[in-house]
>>> print(open('work_29.cif').read())   # mmCIF, C-alpha atoms
data_run
#
loop_
_atom_site.label_atom_id
_atom_site.label_comp_id
_atom_site.auth_asym_id
_atom_site.auth_seq_id
_atom_site.Cartn_x
_atom_site.Cartn_y
_atom_site.Cartn_z
CA MET A 1 3.50 -1.92 -10.72
CA ILE A 2 3.44 0.45 -7.76
CA TYR A 3 0.16 0.88 -5.88
CA ALA A 4 -0.87 3.42 -3.25
CA VAL A 5 -2.88 1.72 -0.50
CA ILE A 6 -4.85 4.26 1.50
CA SER A 7 -6.65 3.03 4.57
CA PHE A 8 -9.65 4.88 5.95
CA GLN A 9 -9.11 3.11 9.26
CA PRO A 10 -5.35 2.73 9.77
CA SER A 11 -4.62 -0.37 11.79
CA GLU A 12 -1.92 -2.78 12.74
CA GLU A 13 -3.96 -5.48 10.98
CA LEU A 14 -3.43 -3.72 7.62
CA ARG A 15 0.31 -3.45 8.26
CA THR A 16 0.36 -7.19 9.01
CA ARG A 17 -1.55 -8.00 5.81
CA ILE A 18 0.85 -5.87 3.78
CA SER A 19 3.85 -7.54 5.45
CA ASN A 20 2.39 -10.95 4.63
CA LEU A 21 2.46 -10.08 0.91
CA ASN A 22 6.27 -10.39 1.00
CA VAL A 23 6.66 -7.54 -1.51
CA PRO A 24 8.55 -4.23 -1.34
CA VAL A 25 6.64 -1.59 0.64
CA TYR A 26 7.39 2.07 1.32
CA ASP A 27 5.54 3.84 4.11
CA ASP A 28 8.13 5.91 5.96
CA GLU A 29 7.12 9.34 4.66
CA ALA A 30 3.39 8.81 4.33
CA PRO A 31 2.02 7.23 7.52
CA ILE A 32 -1.55 6.91 6.21
CA ALA A 33 -0.50 5.55 2.82
CA HIS A 34 1.55 2.54 1.87
CA PHE A 35 3.30 2.30 -1.49
CA VAL A 36 3.37 -1.35 -2.49
CA SER A 37 5.23 -3.01 -5.37
CA PHE A 38 2.85 -5.81 -6.40
CA LYS A 39 2.68 -7.98 -9.51
CA GLY A 40 -1.05 -8.24 -10.07
CA THR A 41 -4.15 -6.16 -10.63
CA THR A 42 -5.60 -3.46 -8.43
CA ARG A 43 -8.49 -5.77 -7.58
CA GLU A 44 -6.17 -8.65 -6.65
CA LEU A 45 -4.17 -6.47 -4.27
CA ALA A 46 -7.32 -5.01 -2.72
CA GLN A 47 -8.73 -8.50 -2.17
CA ARG A 48 -5.47 -9.73 -0.60
CA LEU A 49 -5.67 -6.80 1.83
CA GLY A 50 -9.30 -7.48 2.76
CA TYR A 51 -10.81 -4.60 0.79
CA ASP A 52 -13.46 -6.69 -0.90
CA GLY A 53 -16.55 -5.91 1.15
CA ASN A 54 -16.51 -9.27 2.96
CA GLN A 55 -13.69 -8.66 5.43
CA SER A 56 -12.86 -5.98 7.95
CA GLY A 57 -11.12 -2.86 6.78
CA THR A 58 -12.01 0.00 4.53
CA GLY A 59 -9.68 1.65 2.09
CA ILE A 60 -8.72 1.97 -1.52
CA VAL A 61 -5.91 0.76 -3.77
CA ILE A 62 -4.77 3.09 -6.55
CA PRO A 63 -2.31 2.14 -9.29
CA VAL A 64 0.51 4.68 -9.60
CA SER A 65 1.67 4.91 -13.18
CA ASN A 66 3.12 8.39 -12.91
CA TYR A 67 3.65 10.90 -10.16
CA PHE A 68 5.17 14.27 -9.41
CA GLY A 69 5.94 15.72 -6.01
CA PHE A 70 8.56 15.89 -3.32
CA ALA A 71 9.92 13.38 -0.83
CA SER A 72 13.16 13.47 1.09
CA ARG A 73 16.37 12.56 -0.72
CA ASP A 74 16.38 9.30 1.23
CA PHE A 75 12.97 8.28 -0.17
CA GLY A 76 14.36 5.19 -1.85
CA SER A 77 15.97 3.94 1.35
CA GLY A 78 12.59 3.53 3.06
CA TRP A 79 11.55 0.41 1.12
CA ARG A 80 11.32 -2.68 3.29
#
>>> encode(input="work_29.cif", output="structure tokens")
Amino acid sequence: MIYAVISFQPSEELRTRISNLNVPVYDDEAPIAHFVSFKGTTRELAQRLGYDGNQSGTGIVIPVSNYFGFASRDFGSGWR
């Protein structure tokens, strides 16, 4: 499942938490959003990122089941 993680307070701490998931992430084209490939529920991902009301950080996690729009032709090469 692909999730859009949108932080209301972008920080290096969030980038570190996402990196610690050891899952594919795409954030090259959308600097305030991170697209994360995660095997689990929306709630599980949000909790792993500290978006559970008990830790620092505010943001939302949205499951992406379908989308339409434009990104550069190299969009797929931005996954890390």
>>> atom_distance(input="work_29.cif", atom1="atom CA of A:Ile6", atom2="atom CA of A:His34")
6.6 Å
>>> resolve_selection(input="work_29.cif", expression="the PyMOL selection byres ((chain A and resi 41) around 12)", output="ChimeraX atom specification")
/A:1-3,37-40,42-48,61-64
>>> write_last_selection(input="work_29.cif", atoms="C-alpha atoms", output="tab-separated table (two decimals), in the coordinates of the input")
chain	number	residue	atom	x	y	z
A	1	MET	CA	3.50	-1.92	-10.72
A	2	ILE	CA	3.44	0.45	-7.76
A	3	TYR	CA	0.16	0.88	-5.88
A	37	SER	CA	5.23	-3.01	-5.37
A	38	PHE	CA	2.85	-5.81	-6.40
A	39	LYS	CA	2.68	-7.98	-9.51
A	40	GLY	CA	-1.05	-8.24	-10.07
A	42	THR	CA	-5.60	-3.46	-8.43
A	43	ARG	CA	-8.49	-5.77	-7.58
A	44	GLU	CA	-6.17	-8.65	-6.65
A	45	LEU	CA	-4.17	-6.47	-4.27
A	46	ALA	CA	-7.32	-5.01	-2.72
A	47	GLN	CA	-8.73	-8.50	-2.17
A	48	ARG	CA	-5.47	-9.73	-0.60
A	61	VAL	CA	-5.91	0.76	-3.77
A	62	ILE	CA	-4.77	3.09	-6.55
A	63	PRO	CA	-2.31	2.14	-9.29
A	64	VAL	CA	0.51	4.68	-9.60
>>> atom_distance(input="work_29.cif", atom1="atom CA of A:Gly53", atom2="atom CA of A:Ile18")
17.6 Å
>>> atom_distance(input="work_29.cif", atom1="atom CA of A:Ser19", atom2="atom CA of A:Asn54")
20.6 Å
>>> closest_residue(input="work_29.cif", among="A:Val25, A:Ser65, A:Thr16, A:Ile32", to="A:Gly50", atoms="all atoms listed in the file")
A:Thr16
>>> closest_residue(input="work_29.cif", among="A:Asn22, A:Asp52, A:Thr58, A:Phe35", to="A:Gln9", atoms="all atoms listed in the file")
A:Thr58
